[in-house]
$ cat structure.txt   # compact mmCIF, C-alpha atoms
# COMPACT_ATOMS: atom_id res chain seq x y z
CA MET A 1 119.48 2.31 88.98
CA GLU A 2 118.21 3.31 85.56
CA VAL A 3 114.65 2.50 86.65
CA ILE A 4 114.97 4.76 89.72
CA PHE A 5 116.39 7.57 87.55
CA TRP A 6 113.55 7.15 85.06
CA ILE A 7 110.92 7.33 87.83
CA ALA A 8 112.62 10.37 89.41
CA THR A 9 112.72 12.19 86.07
CA ASN A 10 109.37 11.25 84.59
CA VAL A 11 107.18 10.98 87.72
CA PHE A 12 108.66 13.00 90.57
CA GLY A 13 110.39 15.28 88.06
CA THR A 14 107.15 16.13 86.25
CA PRO A 15 104.93 18.32 88.48
CA ALA A 16 101.61 17.52 86.80
CA ILE A 17 102.21 13.76 87.02
CA LEU A 18 103.42 13.99 90.63
CA LEU A 19 100.28 15.93 91.54
CA GLY A 20 98.14 13.32 89.79
CA PHE A 21 99.96 10.58 91.70
CA ILE A 22 99.25 12.29 95.06
CA VAL A 23 95.57 12.65 94.18
CA LEU A 24 95.47 9.02 93.00
CA VAL A 25 96.88 7.80 96.32
CA GLY A 26 94.49 10.01 98.32
CA LEU A 27 91.47 8.73 96.43
CA LEU A 28 92.57 5.09 96.72
CA LEU A 29 93.06 5.52 100.48
CA GLN A 30 89.46 6.72 100.71
CA LYS A 31 88.34 3.65 98.74
CA LYS A 32 86.70 5.69 96.00
CA THR A 33 85.16 3.92 93.02
CA THR A 34 87.24 3.20 89.93
CA SER A 35 85.32 5.89 88.05
CA GLN A 36 86.00 8.50 90.76
CA VAL A 37 89.69 7.59 90.93
CA ILE A 38 90.20 7.87 87.15
CA SER A 39 88.16 11.06 86.84
CA GLY A 40 89.78 12.75 89.84
CA THR A 41 93.33 11.89 88.78
CA PHE A 42 92.96 13.10 85.20
CA LYS A 43 91.14 16.30 86.20
CA ALA A 44 93.92 17.12 88.65
CA VAL A 45 96.62 16.69 85.99
CA ILE A 46 94.71 18.64 83.32
CA GLY A 47 93.90 21.43 85.76
CA PHE A 48 97.57 21.86 86.64
CA LEU A 49 98.53 22.07 82.95
CA VAL A 50 95.76 24.61 82.29
CA ILE A 51 97.39 26.96 84.83
CA GLY A 52 100.48 27.25 82.64
CA ALA A 53 98.34 28.15 79.63
CA GLY A 54 96.51 30.85 81.59
CA ALA A 55 99.79 32.23 82.92
CA GLY A 56 101.01 32.76 79.37
CA VAL A 57 97.86 34.70 78.46
CA ILE A 58 98.24 36.96 81.49
CA VAL A 59 101.92 37.70 80.84
CA ASN A 60 101.17 38.69 77.22
CA ALA A 61 98.59 41.22 78.44
CA LEU A 62 101.00 42.55 81.08
CA ASN A 63 103.57 43.09 78.33
CA VAL A 64 101.20 45.80 77.07
CA PHE A 65 100.04 47.15 80.44
CA GLU A 66 103.48 47.77 81.93
CA PRO A 67 105.12 49.70 79.04
CA MET A 68 101.89 51.64 78.48
CA TRP A 69 101.86 52.98 82.04
CA LYS A 70 105.61 53.58 81.95
CA GLU A 71 104.87 55.85 79.00
CA VAL A 72 102.03 57.53 80.91
CA PHE A 73 104.41 58.38 83.77
CA GLY A 74 107.27 59.18 81.41
CA LEU A 75 109.46 56.44 82.88
CA GLN A 76 112.40 54.81 81.16
CA ALA A 77 111.12 51.65 79.47
CA GLU A 78 112.93 48.63 80.84
CA SER A 79 112.22 44.93 81.14
CA LEU A 80 112.09 42.95 84.35
CA GLY A 81 115.51 41.56 83.41
CA GLN A 82 116.48 37.92 83.08
CA PHE A 83 114.07 35.63 84.89
CA MET A 84 112.69 32.12 84.52
CA GLY A 85 108.97 32.80 84.37
CA GLN A 86 106.20 30.56 85.67
CA GLN A 87 106.37 27.87 82.98
CA THR A 88 110.16 27.43 83.13
CA PHE A 89 110.14 27.58 86.93
CA ASN A 90 107.42 24.93 87.07
CA SER A 91 109.36 22.61 84.81
CA LYS A 92 112.50 22.96 86.93
CA PHE A 93 111.16 23.26 90.48
CA GLY A 94 107.50 22.27 90.17
CA SER A 95 108.07 18.78 91.53
CA ALA A 96 109.78 20.16 94.64
CA VAL A 97 106.91 22.63 95.09
CA THR A 98 104.28 19.90 94.73
CA LEU A 99 106.04 17.50 97.10
CA ALA A 100 106.65 20.29 99.65
CA MET A 101 102.98 21.21 99.49
CA PHE A 102 101.99 17.61 100.25
CA ILE A 103 104.53 17.13 103.07
CA GLY A 104 103.70 20.57 104.47
CA PHE A 105 100.06 19.52 104.64
CA LEU A 106 101.03 16.36 106.52
CA ILE A 107 103.03 18.49 108.97
CA ASN A 108 99.92 20.67 109.43
CA VAL A 109 97.87 17.53 110.14
CA LEU A 110 100.42 16.21 112.65
CA LEU A 111 100.66 19.57 114.43
CA ALA A 112 96.88 19.66 114.63
CA ARG A 113 96.94 16.16 116.08
CA PHE A 114 99.58 16.74 118.75
CA THR A 115 99.31 20.46 119.63
CA LYS A 116 96.51 22.77 120.78
CA PHE A 117 96.23 24.26 117.28
CA LYS A 118 93.45 22.04 115.92
CA TYR A 119 93.17 23.57 112.45
CA ILE A 120 93.45 21.78 109.09
CA TYR A 121 94.23 24.16 106.22
CA LEU A 122 92.04 23.20 103.24
CA THR A 123 92.25 26.18 100.87
CA GLY A 124 94.07 24.20 98.22
CA HIS A 125 94.65 26.86 95.57
CA MET A 126 96.32 29.15 98.13
CA MET A 127 98.43 26.20 99.29
CA PHE A 128 99.68 25.86 95.73
CA TRP A 129 100.41 29.55 95.11
CA THR A 130 102.01 30.04 98.53
CA SER A 131 104.27 27.02 97.92
CA THR A 132 105.19 28.33 94.47
CA VAL A 133 105.95 31.91 95.52
CA PHE A 134 107.91 30.85 98.61
CA ALA A 135 109.94 28.49 96.42
CA GLY A 136 110.62 31.38 94.04
CA VAL A 137 111.91 33.44 96.98
CA VAL A 138 114.19 30.62 98.18
CA VAL A 139 115.72 29.95 94.76
CA HIS A 140 116.26 33.67 94.10
CA SER A 141 117.84 34.21 97.52
CA ALA A 142 119.97 31.08 97.81
CA GLY A 143 120.65 30.06 94.22
CA ASN A 144 120.24 26.57 92.84
CA VAL A 145 119.17 24.78 96.05
CA SER A 146 119.16 20.98 95.90
CA PHE A 147 115.83 19.20 95.50
CA GLY A 148 115.92 17.63 98.97
CA LYS A 149 116.88 20.81 100.83
CA LEU A 150 114.26 22.86 99.00
CA VAL A 151 111.51 20.34 99.77
CA LEU A 152 112.52 20.05 103.44
CA PHE A 153 112.78 23.82 104.00
CA LEU A 154 109.51 24.62 102.25
CA SER A 155 107.65 21.75 103.94
CA VAL A 156 108.50 23.01 107.44
CA ILE A 157 107.70 26.64 106.61
CA LEU A 158 104.40 25.72 104.97
CA GLY A 159 103.38 23.29 107.70
CA LEU A 160 103.94 25.93 110.39
CA TYR A 161 102.21 28.66 108.41
CA TRP A 162 99.13 26.57 107.59
CA THR A 163 98.81 25.60 111.26
CA LEU A 164 99.40 28.96 112.94
CA GLN A 165 97.67 31.30 110.49
CA PRO A 166 94.13 30.04 111.26
CA ALA A 167 94.91 30.17 115.00
CA LEU A 168 95.90 33.85 114.81
CA THR A 169 92.70 34.93 113.06
CA GLN A 170 90.31 32.65 114.97
CA PRO A 171 89.42 35.14 117.77
CA PHE A 172 88.04 37.53 115.14
CA VAL A 173 86.41 34.72 113.13
CA ARG A 174 84.49 33.73 116.27
CA LYS A 175 83.37 37.35 116.60
CA ILE A 176 82.24 37.46 112.96
CA THR A 177 80.48 34.11 112.76
CA GLY A 178 79.25 33.84 116.33
CA ASN A 179 80.61 30.30 116.67
CA ASP A 180 83.83 28.27 116.64
CA ASN A 181 82.95 25.77 113.91
CA ILE A 182 85.20 26.98 111.09
CA ALA A 183 88.44 28.92 110.69
CA LEU A 184 89.97 31.18 108.05
CA GLY A 185 92.60 29.49 105.89
CA HIS A 186 93.71 32.17 103.44
CA THR A 187 96.65 34.43 102.62
CA SER A 188 94.54 37.50 103.42
CA ALA A 189 95.06 36.80 107.14
CA SER A 190 97.63 39.59 107.59
CA VAL A 191 95.43 42.33 106.14
CA ALA A 192 92.41 40.89 107.92
CA LEU A 193 94.24 41.26 111.24
CA LEU A 194 95.49 44.74 110.31
CA GLY A 195 91.95 45.68 109.27
CA ALA A 196 90.53 44.48 112.57
CA LEU A 197 93.11 46.50 114.51
CA LEU A 198 92.53 49.65 112.41
CA GLY A 199 88.79 49.24 112.87
CA LYS A 200 89.28 48.98 116.62
CA TRP A 201 91.52 52.04 116.79
CA PHE A 202 89.91 54.39 114.24
CA GLY A 203 86.48 52.98 113.42
CA ASN A 204 83.06 53.19 114.99
CA LYS A 205 81.68 49.80 115.94
CA GLU A 206 78.17 51.21 116.38
CA ASN A 207 78.02 52.24 112.72
CA ASP A 208 77.73 48.68 111.41
CA ALA A 209 78.10 48.42 107.62
CA GLU A 210 75.21 45.96 107.51
CA LYS A 211 72.81 48.75 108.47
CA ILE A 212 73.51 50.42 105.13
CA LYS A 213 71.13 49.60 102.26
CA VAL A 214 73.15 48.77 99.13
CA PRO A 215 71.35 49.39 95.80
CA LYS A 216 70.77 46.25 93.74
CA GLY A 217 72.61 47.90 90.88
CA PHE A 218 75.90 47.36 92.73
CA GLU A 219 75.49 43.62 93.15
CA PHE A 220 77.89 43.04 90.23
CA LEU A 221 80.67 44.05 92.64
CA ARG A 222 80.41 40.57 94.13
CA ASP A 223 81.50 38.91 90.85
CA SER A 224 85.32 38.87 90.78
CA ASN A 225 85.52 38.16 87.01
CA VAL A 226 83.35 41.18 86.21
CA ILE A 227 85.32 43.37 88.62
CA THR A 228 88.61 42.32 87.02
CA ALA A 229 87.35 43.06 83.51
CA LEU A 230 85.83 46.44 84.46
CA SER A 231 88.66 47.74 86.62
CA MET A 232 91.52 46.59 84.39
CA GLY A 233 89.50 47.83 81.41
CA LEU A 234 89.35 51.26 83.03
CA LEU A 235 93.11 51.31 83.66
CA PHE A 236 93.93 50.09 80.13
CA LEU A 237 91.53 52.71 78.69
CA ILE A 238 93.05 55.62 80.63
CA GLY A 239 96.56 54.49 79.74
CA ALA A 240 95.69 54.07 76.05
CA ILE A 241 94.07 57.52 75.79
CA VAL A 242 97.14 59.19 77.33
CA VAL A 243 99.50 57.24 75.04
CA VAL A 244 97.52 58.16 71.91
CA MET A 245 97.65 61.84 72.86
CA LYS A 246 101.44 61.79 73.34
CA ASP A 247 103.86 62.27 70.46
CA THR A 248 106.93 60.59 71.95
CA PRO A 249 108.90 57.78 70.28
CA GLY A 250 107.79 55.40 73.02
CA ALA A 251 104.13 56.24 72.46
CA LYS A 252 104.47 55.75 68.71
CA GLU A 253 106.12 52.38 69.24
CA LEU A 254 103.29 51.25 71.50
CA VAL A 255 100.60 52.43 69.08
CA ALA A 256 102.37 50.55 66.29
CA LYS A 257 101.80 47.29 68.19
CA ALA A 258 98.11 47.54 67.39
CA GLY A 259 98.82 47.37 63.65
CA GLU A 260 95.75 48.41 61.65
CA GLN A 261 93.56 48.31 64.76
CA ASN A 262 92.80 51.43 66.78
CA PHE A 263 95.15 51.44 69.79
CA ILE A 264 92.39 52.18 72.30
CA ILE A 265 90.34 49.23 71.05
CA TYR A 266 93.51 47.12 71.07
CA ALA A 267 94.23 48.10 74.68
CA MET A 268 90.67 47.33 75.75
CA LEU A 269 90.92 43.87 74.19
CA GLN A 270 94.17 43.33 76.11
CA SER A 271 92.37 44.18 79.36
CA LEU A 272 89.72 41.56 78.59
CA THR A 273 92.47 39.13 77.62
CA PHE A 274 94.05 39.70 81.04
CA ALA A 275 90.69 38.98 82.69
CA GLY A 276 90.35 35.90 80.49
CA GLY A 277 93.81 34.71 81.52
CA ILE A 278 92.86 35.05 85.18
CA ALA A 279 89.66 33.07 84.49
CA ILE A 280 91.69 30.32 82.75
CA VAL A 281 94.10 30.07 85.69
CA LEU A 282 91.24 29.95 88.18
CA MET A 283 89.51 27.26 86.14
CA GLY A 284 92.70 25.18 86.15
CA VAL A 285 93.17 25.71 89.88
CA ARG A 286 89.56 24.74 90.58
CA MET A 287 89.98 21.56 88.52
CA PHE A 288 92.96 20.19 90.40
CA ILE A 289 92.01 21.61 93.80
CA GLY A 290 88.53 20.09 93.46
CA GLU A 291 90.24 16.70 93.51
CA LEU A 292 93.21 17.49 95.77
CA VAL A 293 91.29 18.92 98.75
CA PRO A 294 88.97 15.92 99.19
CA ALA A 295 92.05 13.66 99.02
CA PHE A 296 93.79 15.78 101.67
CA ASN A 297 90.63 16.05 103.75
CA GLY A 298 90.17 12.29 103.74
CA ILE A 299 93.66 11.84 105.13
CA ALA A 300 93.22 14.58 107.74
CA THR A 301 89.89 13.42 109.14
CA LYS A 302 91.29 9.96 109.80
CA ILE A 303 94.25 11.34 111.77
CA VAL A 304 92.66 14.38 113.52
CA PRO A 305 88.98 13.77 114.24
CA GLY A 306 87.13 16.91 115.29
CA ALA A 307 89.70 19.36 113.92
CA LYS A 308 88.37 22.68 112.61
CA PRO A 309 88.62 23.15 108.84
CA ALA A 310 90.44 26.34 107.81
CA LEU A 311 88.58 27.43 104.69
CA ASP A 312 88.72 29.98 101.87
CA CYS A 313 87.94 33.61 102.72
CA PRO A 314 84.43 33.73 101.14
CA VAL A 315 83.15 31.73 104.14
CA THR A 316 83.17 35.05 106.02
CA PHE A 317 81.33 37.04 103.32
CA PRO A 318 77.72 36.04 104.15
CA TYR A 319 78.11 37.44 107.68
CA ALA A 320 78.76 40.99 106.41
CA PRO A 321 77.95 41.38 102.67
CA ASN A 322 77.97 45.19 102.80
CA ALA A 323 81.40 45.16 104.44
CA VAL A 324 82.58 42.99 101.52
CA ILE A 325 81.72 45.79 99.08
CA LEU A 326 83.11 48.57 101.31
CA GLY A 327 86.34 46.63 101.81
CA PHE A 328 86.80 46.15 98.07
CA MET A 329 86.00 49.80 97.33
CA GLY A 330 88.59 50.91 99.89
CA ALA A 331 91.12 48.56 98.28
CA PHE A 332 90.32 49.74 94.75
CA VAL A 333 90.71 53.43 95.61
CA GLY A 334 93.91 52.64 97.48
CA ALA A 335 95.24 50.70 94.48
CA LEU A 336 94.70 53.66 92.15
CA ILE A 337 96.47 55.98 94.59
CA TRP A 338 99.45 53.64 94.99
CA LEU A 339 99.63 53.07 91.22
CA VAL A 340 100.29 56.80 90.81
CA VAL A 341 102.56 57.11 93.86
CA LEU A 342 104.75 54.12 92.97
CA GLY A 343 105.00 55.24 89.35
CA ASN A 344 106.12 58.73 90.36
CA THR A 345 108.47 57.78 93.21
CA VAL A 346 110.20 54.42 92.71
CA ALA A 347 109.41 54.10 88.98
CA TYR A 348 107.52 50.83 89.43
CA ILE A 349 104.33 50.03 87.56
CA PHE A 350 102.06 48.39 90.12
CA VAL A 351 99.72 45.81 88.62
CA PRO A 352 96.53 46.12 90.71
CA THR A 353 95.33 42.54 90.36
CA MET A 354 91.63 42.76 91.08
CA ILE A 355 91.27 39.13 92.12
CA VAL A 356 93.67 39.84 94.99
CA LEU A 357 92.21 43.25 95.79
CA PHE A 358 88.67 41.88 95.77
CA PHE A 359 89.13 38.80 97.94
CA HIS A 360 91.70 40.31 100.29
CA GLY A 361 90.03 43.70 100.51
CA ALA A 362 86.63 42.09 101.06
CA THR A 363 87.95 39.79 103.80
CA ALA A 364 89.74 42.66 105.52
CA GLY A 365 86.51 44.66 105.20
CA VAL A 366 84.56 41.99 107.09
CA PHE A 367 87.18 41.96 109.85
CA GLY A 368 87.37 45.76 109.95
CA ASN A 369 83.60 46.03 110.19
CA ALA A 370 83.55 43.58 113.12
CA THR A 371 85.64 45.98 115.21
CA GLY A 372 85.02 49.38 113.61
CA GLY A 373 81.85 49.35 111.54
CA ALA A 374 81.68 50.84 108.04
CA ARG A 375 84.68 53.09 108.60
CA GLY A 376 86.70 50.10 109.76
CA ALA A 377 85.72 48.17 106.61
CA VAL A 378 86.90 50.97 104.29
CA LEU A 379 90.15 51.46 106.24
CA ALA A 380 90.78 47.73 106.12
CA GLY A 381 90.36 47.79 102.34
CA PHE A 382 92.79 50.67 102.02
CA VAL A 383 95.46 48.96 104.14
CA THR A 384 95.01 45.89 101.91
CA ALA A 385 95.89 47.94 98.84
CA THR A 386 98.87 49.40 100.69
CA VAL A 387 100.28 45.98 101.61
CA VAL A 388 99.61 44.56 98.13
CA ALA A 389 101.07 47.54 96.22
CA TRP A 390 104.26 48.00 98.20
CA GLY A 391 104.58 44.27 98.78
CA GLN A 392 104.39 43.58 95.05
CA TYR A 393 107.05 46.21 94.38
CA ALA A 394 109.42 44.75 97.00
CA MET A 395 108.80 41.16 95.91
CA VAL A 396 109.27 41.82 92.18
CA LYS A 397 112.35 44.00 92.60
CA PHE A 398 114.20 42.35 95.48
CA PHE A 399 112.93 38.93 96.57
CA ILE A 400 111.84 37.04 93.46
CA ALA A 401 113.38 38.99 90.59
CA SER A 402 115.32 36.13 88.96
CA THR A 403 112.66 33.44 89.29
CA ILE A 404 108.96 34.33 88.92
CA PRO A 405 108.46 38.13 89.18
CA ASP A 406 105.74 37.77 86.54
CA THR A 407 103.79 35.49 88.90
CA ALA A 408 104.28 37.92 91.80
CA MET A 409 102.43 40.54 89.76
CA TRP A 410 99.15 38.64 89.72
CA ALA A 411 99.29 35.55 91.97
CA ALA A 412 101.23 36.70 95.03
CA ASP A 413 99.42 38.54 97.79
CA SER A 414 99.25 39.85 101.34
CA ASP A 415 100.71 37.11 103.57
CA MET A 416 103.26 36.15 100.92
CA PHE A 417 104.53 39.74 100.75
CA ILE A 418 104.91 39.91 104.53
CA ILE A 419 106.44 36.46 105.04
CA GLY A 420 108.56 36.53 101.85
CA PRO A 421 111.38 38.70 103.27
CA ILE A 422 111.61 36.42 106.33
CA ILE A 423 111.95 33.37 104.07
CA SER A 424 114.59 35.19 102.02
CA PHE A 425 116.61 35.89 105.18
CA LEU A 426 116.32 32.28 106.37
CA ALA A 427 117.27 30.91 102.94
CA LYS A 428 120.44 33.04 102.83
CA LEU A 429 121.25 31.99 106.40
CA LEU A 430 120.73 28.26 105.93
CA PHE A 431 121.86 27.57 102.34

$ encode --input "structure.txt" --output "structure tokens"
Amino acid sequence: MEVIFWIATNVFGTPAILLGFIVLVGLLLQKKTTSQVISGTFKAVIGFLVIGAGAGVIVNALNVFEPMWKEVFGLQAESLGQFMGQQTFNSKFGSAVTLAMFIGFLINVLLARFTKFKYIYLTGHMMFWTSTVFAGVVVHSAGNVSFGKLVLFLSVILGLYWTLQPALTQPFVRKITGNDNIALGHTSASVALLGALLGKWFGNKENDAEKIKVPKGFEFLRDSNVITALSMGLLFLIGAIVVVMKDTPGAKELVAKAGEQNFIIYAMLQSLTFAGGIAIVLMGVRMFIGELVPAFNGIATKIVPGAKPALDCPVTFPYAPNAVILGFMGAFVGALIWLVVLGNTVAYIFVPTMIVLFFHGATAGVFGNATGGARGAVLAGFVTATVVAWGQYAMVKFFIASTIPDTAMWAADSDMFIIGPIISFLAKLLF
């Protein structure tokens, strides 16, 4: 009995080790070499641990961004309240999240094998974040759910989502790519569909975005790290200038945080720190997903030969590169508008995470362009910002407030915001 308890605590109770164990099994099943097995297992574990480090960097930068913009809008400074945070949540529920992600994938594979929905979801980093955020919603809504119930509930939800989401977007993917070889497996599906519908209703299909000549000087807009640094730098700069010009007690307290350093320079460094934190998280995700996806894929191809892979959203970008830029620009402008509106109406400081706005806005732009040309691409980007801004507000305030609201500010996105309330309702109903 003591041996079982030890294994449960130190293997299945430690998310990084459980993830490494899953990758180890997947690689062994594919009969990889000893070198590949050792390398893949350790990289998966290290990558998972790196995510926690990056999350801490991001939260520290947000602890400057949020009060700064509260001061800009003249809002009452208040914290998010008592919540676990990503690191604490991972230590307590990370094993359930990891196991649910694995079982959910197996459900996806089985559904692909025995139903007409022949799609295998292979966007590993979104599988992880979706599992994490949905778990945060369940725990917030239903309290301290048992390990087994949490794993079972999440596994079914995730398995269904990863199977049906690619099927819903596939008609438009065929239109974009001109074939039926791949599918979209990404949490931008909801805004992509909304973008396609808006393009159809309000766009002009004849005015294809790809007919527009984009100056080479704007090619940097395709680099998400640069976009994050520039856009967040702009927001930190504006906020810092306004704070420095104000003579309120709150402004003085914020300026004092910079110590001997000029507050504007301090704020700009925080914006780059935020971008650096995002880069750290993405590096960690790439490390463990680079090993996890091949392990998953090896299992899937043996069970469902000929299934279509549902892949990350950039697979659509080469088919409409101008629409990618127009979609992001529409999302960026929308984010600035909603930042002001939310701050002045519901007193919430929206964190316009540029990674989300770029990838989701760009994907929606490609879909919007397919049905409504350039105008459809811009409209699709704007609706992306609308879903992300109001979705983040609702998620942070109502659906994930006691667990990981900090994560919802930078890692949650379109589909999670739309499905989250449904999961909250089901969790309250069932637990």

$ closest_residue --input "structure.txt" --among "A:Trp162, A:Phe332, A:Phe274, A:Phe425" --to "A:Gly56" --atoms "all atoms listed in the file"
A:Phe274

$ atom_distance --input "structure.txt" --atom1 "atom CA of A:Leu342" --atom2 "atom CA of A:Leu62"
17.0 Å

$ atom_distance --input "structure.txt" --atom1 "atom CA of A:Asn344" --atom2 "atom CA of A:Trp390"
13.4 Å

$ closest_residue --input "structure.txt" --among "A:Ser402, A:Thr187, A:Gln170, A:Thr371" --to "A:Asp208" --atoms "only C-alpha atoms"
A:Thr371

$ atom_distance --input "structure.txt" --atom1 "atom CA of A:Gly104" --atom2 "atom CA of A:Ala364"
26.2 Å

$ closest_residue --input "structure.txt" --among "A:Val226, A:Val133, A:Ile38, A:Leu110" --to "A:Ile404" --atoms "all atoms listed in the file"
A:Val133

$ closest_residue --input "structure.txt" --among "A:Val173, A:Ile182, A:Ile107, A:Met395" --to "A:Ser155" --atoms "all atoms listed in the file"
A:Ile107

$ residues_around --input "structure.txt" --residues "A:Ala320" --least-positions-apart "6" --cutoff "12 Å" --atoms "only C-alpha atoms" --output "count of residues only"
24

$ residues_around --input "structure.txt" --residues "A:Tyr348" --least-positions-apart "6" --cutoff "9 Å" --atoms "all atoms listed in the file" --output "tab-separated table (two decimals) with C-alpha atoms, in the frame of the given file"
chain	number	residue	atom	x	y	z
A	70	LYS	CA	105.61	53.58	81.95
A	75	LEU	CA	109.46	56.44	82.88
A	339	LEU	CA	99.63	53.07	91.22
A	342	LEU	CA	104.75	54.12	92.97
A	393	TYR	CA	107.05	46.21	94.38
A	397	LYS	CA	112.35	44.00	92.60

$ residues_near_point --input "structure.txt" --point "(99.4, 36.7, 78.6)" --cutoff "12 Å" --atoms "only C-alpha atoms" --output "MDAnalysis selection string"
chainID A and resid 51:65 85:86 269:281 406:407 410

$ residues_around --input "structure.txt" --residues "stretch 248-265 of chain A" --least-positions-apart "3" --cutoff "8 Å" --atoms "all atoms listed in the file" --output "list in words"
Pro67, Met68, Glu71, Leu237, Ala240, Ile241, Val243, Val244, Met268 and Leu269 of chain A

$ axis_aligned_box --input "structure.txt" --around "stretch 313-318 of chain A" --padding-each-side "3 Å" --output "AutoDock Vina command-line options"
--center_x 82.8 --center_y 34.4 --center_z 103.6 --size_x 16.2 --size_y 11.3 --size_z 10.9

$ closest_residue --input "structure.txt" --among "A:Leu379, A:Val37, A:Ala310, A:Val138" --to "A:Asn181" --atoms "all atoms listed in the file"
A:Ala310

$ closest_residue --input "structure.txt" --among "A:Phe358, A:Phe134, A:Tyr119, A:Phe48" --to "A:Ala167" --atoms "all atoms listed in the file"
A:Tyr119
